[in-house]
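Undergrad: File follows, query.tsv with TSV, C-alpha atoms and all ligand atoms:
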chain	number	residue	atom	x	y	z
T	1462	MET	CA	129.75	130.63	34.33
T	1463	ALA	CA	129.97	134.43	34.28
T	1464	PHE	CA	128.85	137.06	36.79
T	1465	HIS	CA	125.47	137.45	35.10
T	1466	ASP	CA	124.76	133.73	35.62
T	1467	ILE	CA	124.69	134.32	39.36
T	1468	ALA	CA	121.32	135.66	40.54
T	1469	GLY	CA	120.98	138.70	42.78
T	1470	ASN	CA	123.58	140.93	44.42
T	1471	GLY	CA	123.99	143.12	41.36
T	1472	HIS	CA	125.82	145.76	43.42
T	1473	ALA	CA	128.53	143.30	44.52
T	1474	LYS	CA	129.04	142.01	41.00
T	1475	ALA	CA	129.20	145.54	39.60
T	1476	ILE	CA	131.89	146.52	42.12
T	1477	LEU	CA	133.96	143.46	41.22
T	1478	LYS	CA	133.61	144.01	37.48
T	1479	MET	CA	134.65	147.61	37.86
T	1480	ALA	CA	137.71	146.69	39.94
T	1481	LEU	CA	138.65	144.00	37.40
T	1482	GLY	CA	138.21	146.39	34.49
T	1483	ARG	CA	140.52	148.92	36.14
T	1484	ASP	CA	142.95	146.24	37.26
T	1485	ARG	CA	142.45	147.39	40.82
T	1486	MET	CA	141.25	144.21	42.47
T	1487	PRO	CA	142.07	144.29	46.19
T	1488	ASN	CA	144.36	141.50	47.38
T	1489	SER	CA	142.35	140.81	50.51
T	1490	MET	CA	138.59	140.61	50.44
T	1491	LEU	CA	135.83	139.53	52.76
T	1492	PHE	CA	132.53	138.43	51.24
T	1493	CYS	CA	129.95	138.38	53.97
T	1494	GLY	CA	126.28	137.52	53.88
T	1495	PRO	CA	123.87	134.70	54.68
T	1496	ARG	CA	124.18	131.18	53.39
T	1497	GLY	CA	123.25	130.34	49.82
T	1498	VAL	CA	123.32	133.81	48.31
T	1499	GLY	CA	126.19	133.17	45.92
T	1500	LYS	CA	129.33	134.21	47.82
T	1501	ARG	CA	131.29	131.14	46.81
T	1502	ARG	CA	130.12	131.14	43.22
T	1503	THR	CA	130.97	134.82	42.92
T	1504	ALA	CA	134.43	134.15	44.35
T	1505	ARG	CA	134.95	131.36	41.82
T	1506	VAL	CA	133.92	133.54	38.90
T	1507	LEU	CA	136.25	136.22	40.23
T	1508	ALA	CA	139.09	133.67	40.37
T	1509	GLN	CA	138.33	132.77	36.75
T	1510	ALA	CA	138.12	136.41	35.67
T	1511	LEU	CA	141.51	137.14	37.26
T	1512	ASN	CA	143.01	134.39	35.11
T	1513	CYS	CA	140.77	134.55	32.02
T	1514	LEU	CA	142.52	134.84	28.65
T	1515	ASN	CA	139.59	136.41	26.81
T	1516	SER	CA	137.90	138.79	29.18
T	1517	LYS	CA	139.24	141.39	31.54
T	1518	ASP	CA	136.28	141.97	33.79
T	1519	ASP	CA	134.44	138.63	33.72
T	1520	ALA	CA	134.94	134.91	33.14
T	1521	CYS	CA	134.52	133.84	29.52
T	1522	GLY	CA	133.94	130.25	30.56
T	1523	GLU	CA	135.66	129.02	27.40
T	1524	CYS	CA	139.39	129.57	27.74
T	1525	GLY	CA	141.80	127.09	29.32
T	1526	PRO	CA	142.05	128.74	32.76
T	1527	CYS	CA	138.25	129.30	32.99
T	1528	ARG	CA	137.60	125.66	32.17
T	1529	ALA	CA	140.31	124.30	34.42
T	1530	ILE	CA	139.15	126.36	37.39
T	1531	GLU	CA	135.56	125.28	36.80
T	1532	ALA	CA	136.63	121.63	36.55
T	1533	GLY	CA	138.63	121.95	39.75
T	1534	ASN	CA	135.51	123.24	41.47
T	1535	ARG	CA	133.40	120.40	40.21
T	1536	LYS	CA	135.78	117.87	41.64
T	1537	ASN	CA	135.80	119.97	44.75
T	1538	LYS	CA	139.53	119.71	45.09
T	1539	ARG	CA	142.53	121.52	43.87
T	1540	GLY	CA	144.51	120.11	41.02
T	1541	SER	CA	143.18	121.20	37.68
T	1542	PHE	CA	144.30	124.76	38.23
T	1543	PRO	CA	146.80	124.82	41.08
T	1544	ASP	CA	146.79	128.61	41.39
T	1545	VAL	CA	143.19	128.68	42.56
T	1546	GLN	CA	142.41	126.91	45.79
T	1547	GLU	CA	139.46	126.64	48.08
T	1548	ILE	CA	140.18	126.17	51.75
T	1549	GLU	CA	137.37	124.46	53.59
T	1550	ILE	CA	136.83	123.04	57.04
T	1551	ARG	CA	138.42	119.58	57.03
T	1552	GLU	CA	136.06	116.70	57.44
T	1553	ASP	CA	137.20	115.78	60.92
T	1554	LYS	CA	137.19	119.39	62.16
T	1555	THR	CA	134.63	122.05	62.97
T	1556	GLU	CA	136.76	125.05	62.11
T	1557	ILE	CA	139.55	126.25	59.84
T	1558	ILE	CA	142.77	125.31	61.61
T	1559	ILE	CA	146.21	126.85	61.83
T	1560	ASP	CA	147.84	124.18	59.63
T	1561	GLN	CA	145.63	125.26	56.76
T	1562	MET	CA	146.64	128.88	57.19
T	1563	ARG	CA	150.32	127.91	57.42
T	1564	GLU	CA	149.96	126.03	54.17
T	1565	LEU	CA	148.24	129.01	52.63
T	1566	ARG	CA	151.04	131.26	53.81
T	1567	ALA	CA	153.66	128.97	52.34
T	1568	GLN	CA	151.99	129.14	48.95
T	1569	ALA	CA	150.80	132.72	48.91
T	1570	TYR	CA	154.30	134.05	48.25
T	1571	LEU	CA	155.09	131.70	45.38
T	1572	LYS	CA	154.56	133.10	41.92
T	1573	PRO	CA	151.56	131.65	40.07
T	1574	MET	CA	152.44	128.35	38.43
T	1575	VAL	CA	150.13	128.37	35.42
T	1576	GLY	CA	147.95	131.45	35.64
T	1577	ARG	CA	148.35	135.18	36.23
T	1578	ARG	CA	147.02	135.31	39.77
T	1579	ARG	CA	146.88	133.06	42.75
T	1580	VAL	CA	143.48	133.00	44.41
T	1581	PHE	CA	142.71	131.47	47.78
T	1582	ILE	CA	139.05	131.21	48.70
T	1583	VAL	CA	138.73	130.62	52.43
T	1584	THR	CA	135.25	129.37	53.26
T	1585	ALA	CA	133.69	129.64	56.73
T	1586	ALA	CA	136.36	132.19	57.64
T	1587	ASP	CA	134.43	133.06	60.80
T	1588	THR	CA	135.14	129.61	62.26
T	1589	MET	CA	138.86	130.24	62.31
T	1590	GLU	CA	140.50	129.68	65.67
T	1591	ASP	CA	142.63	132.58	66.97
T	1592	GLU	CA	145.94	130.94	66.04
T	1593	ALA	CA	144.77	130.41	62.49
T	1594	ALA	CA	143.44	133.95	62.28
T	1595	ASN	CA	146.78	135.31	63.45
T	1596	ALA	CA	148.65	133.28	60.85
T	1597	LEU	CA	146.30	134.65	58.19
T	1598	LEU	CA	146.77	138.16	59.50
T	1599	LYS	CA	150.47	137.99	58.72
T	1600	ILE	CA	149.74	137.42	55.05
T	1601	LEU	CA	147.05	140.08	54.96
T	1602	GLU	CA	149.55	142.59	56.31
T	1603	GLU	CA	151.73	142.28	53.23
T	1604	PRO	CA	150.03	140.31	50.52
T	1605	PRO	CA	152.02	139.69	47.33
T	1606	LEU	CA	150.58	141.58	44.36
T	1607	PHE	CA	149.82	138.40	42.44
T	1608	THR	CA	147.85	136.79	45.30
T	1609	HIS	CA	144.22	137.36	46.17
T	1610	ILE	CA	142.69	136.04	49.34
T	1611	ILE	CA	138.91	135.93	49.49
T	1612	LEU	CA	137.36	135.17	52.85
T	1613	LEU	CA	133.76	133.96	52.92
T	1614	SER	CA	131.66	134.41	56.02
T	1615	GLU	CA	128.09	134.11	57.17
T	1616	ASN	CA	128.93	135.73	60.44
T	1617	SER	CA	131.28	138.63	59.92
T	1618	GLU	CA	130.96	139.88	63.50
T	1619	LYS	CA	132.89	136.78	64.54
T	1620	ILE	CA	135.88	137.78	62.42
T	1621	LEU	CA	138.69	139.57	64.21
T	1622	PRO	CA	138.57	143.35	63.66
T	1623	THR	CA	142.27	143.28	62.73
T	1624	ILE	CA	141.44	140.93	59.84
T	1625	LYS	CA	138.40	142.89	58.78
T	1626	SER	CA	140.32	146.13	58.73
T	1627	ARG	CA	142.75	144.67	56.19
T	1628	CYS	CA	140.05	143.42	53.86
T	1629	GLN	CA	137.83	145.09	51.34
T	1630	ILE	CA	134.41	144.04	52.62
T	1631	LEU	CA	131.67	143.14	50.18
T	1632	THR	CA	128.23	142.50	51.62
T	1633	PHE	CA	125.95	139.96	50.00
T	1634	LEU	CA	122.22	140.22	50.61
T	1635	PRO	CA	119.58	137.50	50.56
T	1636	ILE	CA	118.17	136.98	47.09
T	1637	SER	CA	114.66	138.42	46.85
T	1638	ASP	CA	111.73	136.02	46.57
T	1639	GLU	CA	111.02	137.52	43.13
T	1640	GLU	CA	114.54	136.78	41.89
T	1641	ILE	CA	114.38	133.21	43.19
T	1642	GLU	CA	110.94	132.72	41.61
T	1643	LYS	CA	112.26	134.04	38.32
T	1644	ALA	CA	115.35	131.82	38.38
T	1645	LEU	CA	113.22	128.77	39.16
T	1646	GLN	CA	110.70	129.54	36.44
T	1647	GLU	CA	113.54	129.95	33.96
T	1648	ARG	CA	114.49	126.40	34.87
T	1649	GLY	CA	110.98	125.17	34.12
T	1650	VAL	CA	109.46	125.13	37.62
T	1651	PRO	CA	105.70	125.95	37.49
T	1652	PRO	CA	104.86	129.43	38.91
T	1653	ASP	CA	102.95	128.32	42.02
T	1654	ARG	CA	105.70	125.90	43.03
T	1655	ALA	CA	108.35	128.52	42.30
T	1656	ARG	CA	106.55	130.95	44.62
T	1657	ILE	CA	106.27	128.49	47.50
T	1658	THR	CA	109.87	127.31	47.05
T	1659	ALA	CA	111.07	130.93	47.17
T	1660	ILE	CA	109.23	131.46	50.46
T	1661	VAL	CA	110.50	128.24	52.00
T	1662	CYS	CA	114.10	128.96	50.98
T	1663	ARG	CA	114.06	132.51	52.39
T	1664	GLY	CA	116.63	134.16	50.16
T	1665	ASN	CA	118.83	131.09	49.84
T	1666	MET	CA	119.22	130.59	46.11
T	1667	GLU	CA	121.47	127.57	46.47
T	1668	LYS	CA	118.84	125.77	48.54
T	1669	ALA	CA	116.08	126.78	46.12
T	1670	LEU	CA	117.98	125.28	43.20
T	1671	GLU	CA	118.89	122.11	45.05
T	1672	MET	CA	115.67	121.23	46.84
T	1673	ASP	CA	113.14	119.10	45.06
T	1674	TRP	CA	109.43	119.61	45.44
T	1675	ASP	CA	108.93	116.61	47.73
T	1676	ALA	CA	111.54	117.95	50.13
T	1677	ILE	CA	109.90	121.38	50.08
T	1678	GLN	CA	106.53	119.84	50.83
T	1679	ALA	CA	108.01	117.76	53.64
T	1680	GLU	CA	109.46	120.93	55.22
T	1681	ARG	CA	106.14	122.71	54.93
T	1682	ARG	CA	104.30	119.74	56.40
T	1683	ASN	CA	106.74	119.73	59.33
T	1684	ALA	CA	106.25	123.42	59.87
T	1685	TRP	CA	102.51	123.00	59.60
T	1686	ASP	CA	102.50	120.28	62.29
T	1687	PHE	CA	104.49	122.63	64.47
T	1688	PHE	CA	102.15	125.52	63.76
T	1689	SER	CA	98.95	123.59	64.39
T	1690	GLY	CA	100.53	122.04	67.51
T	1691	LEU	CA	101.33	125.50	68.87
T	1692	ALA	CA	97.89	126.80	67.98
T	1693	GLY	CA	96.43	123.78	69.76
T	1694	GLY	CA	98.35	124.64	72.93
T	1695	THR	CA	101.27	122.18	72.76
T	1696	ASP	CA	104.40	123.28	74.59
T	1697	PRO	CA	106.89	124.63	72.00
T	1698	ALA	CA	109.72	122.83	73.81
T	1699	ALA	CA	108.19	119.47	72.95
T	1700	LEU	CA	107.80	120.53	69.35
T	1701	LEU	CA	111.29	121.99	69.13
T	1702	ARG	CA	112.80	118.86	70.58
T	1703	ARG	CA	111.84	117.09	67.39
T	1704	TYR	CA	114.31	119.32	65.64
T	1705	ALA	CA	116.99	118.58	68.19
T	1706	TYR	CA	118.35	115.61	66.30
T	1707	LYS	CA	119.67	118.08	63.76
T	1708	ARG	CA	122.16	119.17	66.38
T	1709	GLU	CA	123.68	115.71	66.37
T	1710	SER	CA	124.69	116.23	62.78
T	1711	GLY	CA	127.21	118.72	64.03
T	1712	LYS	CA	127.43	122.19	62.68
T	1713	ARG	CA	125.65	124.86	64.63
T	1714	ALA	CA	125.14	126.89	61.46
T	1715	ALA	CA	123.01	124.07	60.03
T	1716	VAL	CA	120.76	123.97	63.08
T	1717	LYS	CA	120.47	127.71	63.14
T	1718	ASP	CA	119.57	127.75	59.48
T	1719	GLU	CA	117.06	124.96	59.97
T	1720	LEU	CA	115.40	126.82	62.80
T	1721	ALA	CA	115.39	130.05	60.85
T	1722	GLY	CA	113.57	128.29	58.01
T	1723	LEU	CA	111.08	126.77	60.41
T	1724	LEU	CA	110.39	130.11	62.11
T	1725	GLU	CA	109.96	131.79	58.74
T	1726	MET	CA	107.36	129.23	57.74
T	1727	LEU	CA	105.59	129.56	61.09
T	1728	SER	CA	105.44	133.28	60.58
T	1729	ILE	CA	103.97	132.83	57.10
T	1730	PHE	CA	101.33	130.40	58.35
T	1731	GLY	CA	100.55	132.90	61.12
T	1732	ARG	CA	100.27	135.70	58.58
T	1733	ASP	CA	97.87	133.60	56.49
T	1734	ALA	CA	95.77	132.84	59.59
T	1735	VAL	CA	95.54	136.56	60.38
T	1736	LEU	CA	94.56	137.29	56.78
T	1737	LEU	CA	91.73	134.76	56.86
T	1738	GLY	CA	90.71	135.74	60.40
T	1739	GLU	CA	90.23	139.30	59.21
T	1740	GLY	CA	88.18	138.22	56.20
T	1741	GLY	CA	90.99	138.96	53.70
T	1742	ASP	CA	91.14	137.76	50.11
T	1743	PRO	CA	92.14	134.05	50.00
T	1744	GLY	CA	93.85	134.87	46.68
T	1745	LEU	CA	96.56	136.58	48.75
T	1746	LEU	CA	97.39	133.49	50.79
T	1747	PHE	CA	101.00	132.31	50.74
T	1748	ASN	CA	99.76	128.80	51.45
T	1749	PRO	CA	96.58	128.44	49.39
T	1750	ASP	CA	96.77	124.64	49.64
T	1751	PHE	CA	96.32	124.91	53.43
T	1752	GLU	CA	93.26	127.19	53.21
T	1753	MET	CA	90.76	124.90	54.95
T	1754	GLU	CA	93.09	124.06	57.84
T	1755	LEU	CA	94.13	127.71	58.14
T	1756	ARG	CA	90.50	128.83	58.39
T	1757	GLU	CA	89.91	126.39	61.18
T	1758	ILE	CA	92.95	127.62	63.13
T	1759	ALA	CA	92.14	131.27	62.42
T	1760	SER	CA	88.70	130.90	63.99
T	1761	ARG	CA	90.14	128.99	66.96
T	1762	LEU	CA	92.92	131.51	67.67
T	1763	GLY	CA	91.02	134.70	66.96
T	1764	PRO	CA	92.86	137.65	65.39
T	1765	GLY	CA	94.49	138.94	68.61
T	1766	ARG	CA	96.19	135.68	69.45
T	1767	ALA	CA	97.24	135.02	65.87
T	1768	LEU	CA	98.97	138.42	65.79
T	1769	ARG	CA	100.67	137.74	69.11
T	1770	PHE	CA	101.81	134.46	67.66
T	1771	ILE	CA	103.51	136.25	64.77
T	1772	GLY	CA	105.19	138.66	67.20
T	1773	LEU	CA	106.45	135.74	69.21
T	1774	VAL	CA	107.85	134.00	66.16
T	1775	HIS	CA	109.60	137.18	65.01
T	1776	ARG	CA	111.24	137.60	68.40
T	1777	ALA	CA	112.34	133.97	68.34
T	1778	ALA	CA	113.75	134.47	64.84
T	1779	ALA	CA	115.68	137.57	65.93
T	1780	SER	CA	117.15	135.71	68.89
T	1781	ASN	CA	118.03	132.75	66.68
T	1782	ASP	CA	119.80	135.05	64.20
T	1783	LYS	CA	121.74	136.62	67.03
T	1784	ASN	CA	123.03	133.61	68.91
T	1785	GLY	CA	121.43	130.49	67.48
T	1786	HIS	CA	121.51	128.78	70.84
T	1787	PHE	CA	118.99	126.01	70.66
T	1788	GLY	CA	118.36	125.58	74.38
T	1789	ALA	CA	117.93	129.30	75.01
T	1790	LEU	CA	115.56	129.60	72.10
T	1791	THR	CA	113.42	126.70	73.33
T	1792	THR	CA	113.19	128.15	76.81
T	1793	SER	CA	112.33	131.66	75.69
T	1794	LEU	CA	109.79	130.47	73.13
T	1795	THR	CA	108.07	128.32	75.75
T	1796	ALA	CA	108.03	131.07	78.35
T	1797	GLN	CA	106.70	133.64	75.94
T	1798	TRP	CA	104.10	131.33	74.56
T	1799	LEU	CA	102.82	130.42	78.03
T	1800	ARG	CA	102.71	134.10	78.95
T	1801	ALA	CA	100.77	134.88	75.82
T	1802	ASP	CA	98.37	132.11	76.80
T	1803	GLU	CA	97.90	133.47	80.30
T	1804	ALA	CA	97.23	136.90	78.86
T	1805	GLN	CA	94.17	135.46	77.20
T	1901	ZN	ZN	138.17	132.68	30.23
Go ahead and express the file in the form of C-alpha cells.

TA:
Amino acid sequence: MAFHDIAGNGHAKAILKMALGRDRMPNSMLFCGPRGVGKRRTARVLAQALNCLNSKDDACGECGPCRAIEAGNRKNKRGSFPDVQEIEIREDKTEIIIDQMRELRAQAYLKPMVGRRRVFIVTAADTMEDEAANALLKILEEPPLFTHIILLSENSEKILPTIKSRCQILTFLPISDEEIEKALQERGVPPDRARITAIVCRGNMEKALEMDWDAIQAERRNAWDFFSGLAGGTDPAALLRRYAYKRESGKRAAVKDELAGLLEMLSIFGRDAVLLGEGGDPGLLFNPDFEMELREIASRLGPGRALRFIGLVHRAAASNDKNGHFGALTTSLTAQWLRADEAQ
C-alpha cells in the first residue's frame, strides 16, 4: 500500500510526502480526526516509507521492510518488523496505561534493529491516563533522531496541551460522500448502493469498506423504525433505550459513533420528508426506496414539524459530538421533542 491507495485527506498525505522527500519528518506527530478516515493506515504507510529501500517519500510495497511491516500489521502484532510497533488499548483495559508508555520509553532510545527508523504508532492516544501521558511526555521532550512517535486520536481536545505542543499536528477530515462512492464503485459496488452506503457511513471509509449491504440495510431499517416512531409521537427515550445495549459492549466511542450514525440517518429521512412535503423532485431523494412511507409521514407531519424535527436532530447530533453522554442526550432529545409537540 502507498499513500495514493488511501482515499481522501490529500492535504495530509502531501505534507507527509514533502517532509519525507526533504528528510524532515518530525519525530513527534499527532494525527487527529474522526474514526475511519485513514489515520492508522496513513501512519502505517509512513512507517513503511521511513524504512523503504526503494522510495524516499512513499512506500514501495515491494521491498523487504515494506512487506515485513505490512505483514506485521496483518497479524496485528509486532514481530515481523520489530522497529515498527503499534500500541493499542490492551484487551482488559479501557485506556492506554503507564506500563505501555514505560515500555515504549525503554525501546525508543535503542537504535533500530533492522530498519532505519523506529516508529511507534500509539492508537487512541486520547484515552491515556495522566501517568501514562506524563511518561510519554518525557520522551517527546527529547526524542532520539531515529525514533518517530505517531499519536492517533479521535478526540484531540482530550490530549494534554503539553503533549500537543510537542507534536506536529496533522488533521484528518471525514472522507466526502463522493470519495467514498467512488472508492466503492471502483470495488464493484453498484452506484445506488454505493451512494446509500456513503450516506450511512458518514465519512467513515473504513466502515464503508467493511460493511456489507445487509448490514447497511439493517441499520437503515433501524433508523427508519426510530424515525417513524418519532413521527408517530413515541417518546424518544423509549426508542433510544433500544440502543442502550450498545453501552454494555464497553467503549463510549462506539456508542457515540453509533448514535452519530443513527442521528445522521434520522436527519436524512427528515430531509427527504421535507423534500416530499414541499412537492420536491423524488429523483433527489436520498432514500428513494422509502418513498411511499416517506410520503405518508410527510403528509402527517406537515412541513413545519418536519423542519423542526431536523433542527432537533442536528442539536442532538451536536451535543452527542461534544460529550457523547447517552443519558443526557436521551433526556434532552425527549424534552425538546415534547416541547416541539406542545408548540403545535
Ligand atoms: Zn519499500

Undergrad: Between T:Ile1550, T:Leu1514, T:Met1490, T:Val1650, which has the minimum distance to ligand ZN 1901 (chain T) (counting only C-alpha atoms and all ligand atoms)?

TA: T:Leu1514

Undergrad: Kindly work out which residues sit at most 6 Å from ligand ZN 1901 (chain T), using all atoms listed in the file, and give the list as a list in words.

TA: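 For ligand ZN 1901 (chain T), the residues inside 6 Å are Cys1513, Leu1514, Asn1515, Ala1520, Cys1521, Gly1522, Glu1523, Cys1524 and Cys1527 of chain T.
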
Undergrad: Take atom CA of T:Met1562 and atom CA of T:Ser1626 and report the distance between them in Å, one decimal.

TA: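 Distance between the two atoms: 18.4 Å.
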
Undergrad: Leaving out T:Ser1760 and any residue of its chain fewer than 5 positions from it, which residues lie within 10 Å of it when counting all atoms listed in the file, given as a tab-separated table (two decimals) with C-alpha atoms, keeping the file's coordinate frame?

TA:
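Heads up, here's the output in out.tsv:
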chain	number	residue	atom	x	y	z
T	1734	ALA	CA	95.77	132.84	59.59
T	1735	VAL	CA	95.54	136.56	60.38
T	1737	LEU	CA	91.73	134.76	56.86
T	1738	GLY	CA	90.71	135.74	60.40
T	1739	GLU	CA	90.23	139.30	59.21
T	1755	LEU	CA	94.13	127.71	58.14
T	1767	ALA	CA	97.24	135.02	65.87

Undergrad: Could you tell me which of T:Leu1670, T:Cys1628, T:Leu1768, T:Val1498 comes closest to T:Lys1643 if we count all atoms listed in the file?

TA: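 Of T:Leu1670, T:Cys1628, T:Leu1768, T:Val1498, the one nearest T:Lys1643, counting all atoms listed in the file, is T:Leu1670.
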
Undergrad: Can you pull out every residue within 9 Å of T:Gly1499, counting all atoms listed in the file, but drop anything in the same chain fewer than 2 positions away, and send it as number ranges by chain?

TA: T: 1467-1470, 1496-1497, 1501-1504, 1633, 1636, 1665-1667

Undergrad: Between T:Ala1659, T:Glu1754, T:Asp1638, T:Trp1674, which one has atoms that come closest to T:Asp1686, using all atoms listed in the file?

TA: T:Glu1754

Undergrad: Kindly give the distance, in Å, that separates atom CA of T:Ile1548 and atom CA of T:Pro1495, rounded to a single decimal.

TA: 18.6 Å

Undergrad: I'd like the contact shell of T:Ala1508 - 10 Å cut-off, all atoms listed in the file, skipping same-chain residues fewer than 3 positions apart - returned as a PyMOL selection string.

TA: chain T and resi 1502-1505+1511-1513+1519-1520+1526-1527+1530-1531+1544-1546+1578-1582+1609-1611

Undergrad: Using all atoms listed in the file, can you tell me which of T:Glu1725, T:Asp1733, T:Asp1553, T:Glu1564 comes closest to T:Ala1777?

TA: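 Among the listed residues, the smallest separation from T:Ala1777 belongs to T:Glu1725.
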
Undergrad: Which residue, T:Glu1719, T:Glu1547, T:Asp1673, T:Asp1696, has the smallest gap to T:Arg1654 when you use all atoms listed in the file?

TA: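 Among the listed residues, the smallest separation from T:Arg1654 belongs to T:Asp1673.
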
Undergrad: Hey, which of T:Leu1481, T:Ala1586, T:Ile1729, T:Ala1759 ends up closest to T:Gly1741? Count all atoms listed in the file.

TA: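 Distance minimum relative to T:Gly1741 lands on T:Ala1759.
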
Undergrad: Please write as a ChimeraX atom specification the list of polymer residues whose atoms come within 10 Å of (103.1, 121.5, 67.4), counting all atoms listed in the file and keeping to the coordinates of the file.

TA: /T:1683-1701,1703

Undergrad: Just to confirm, what's the straight-line distance from atom CA of T:Leu1645 to atom CA of T:Leu1720 in Å (one decimal)?

TA: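 We find that atom CA of T:Leu1645 and atom CA of T:Leu1720 lie 23.8 Å from each other.
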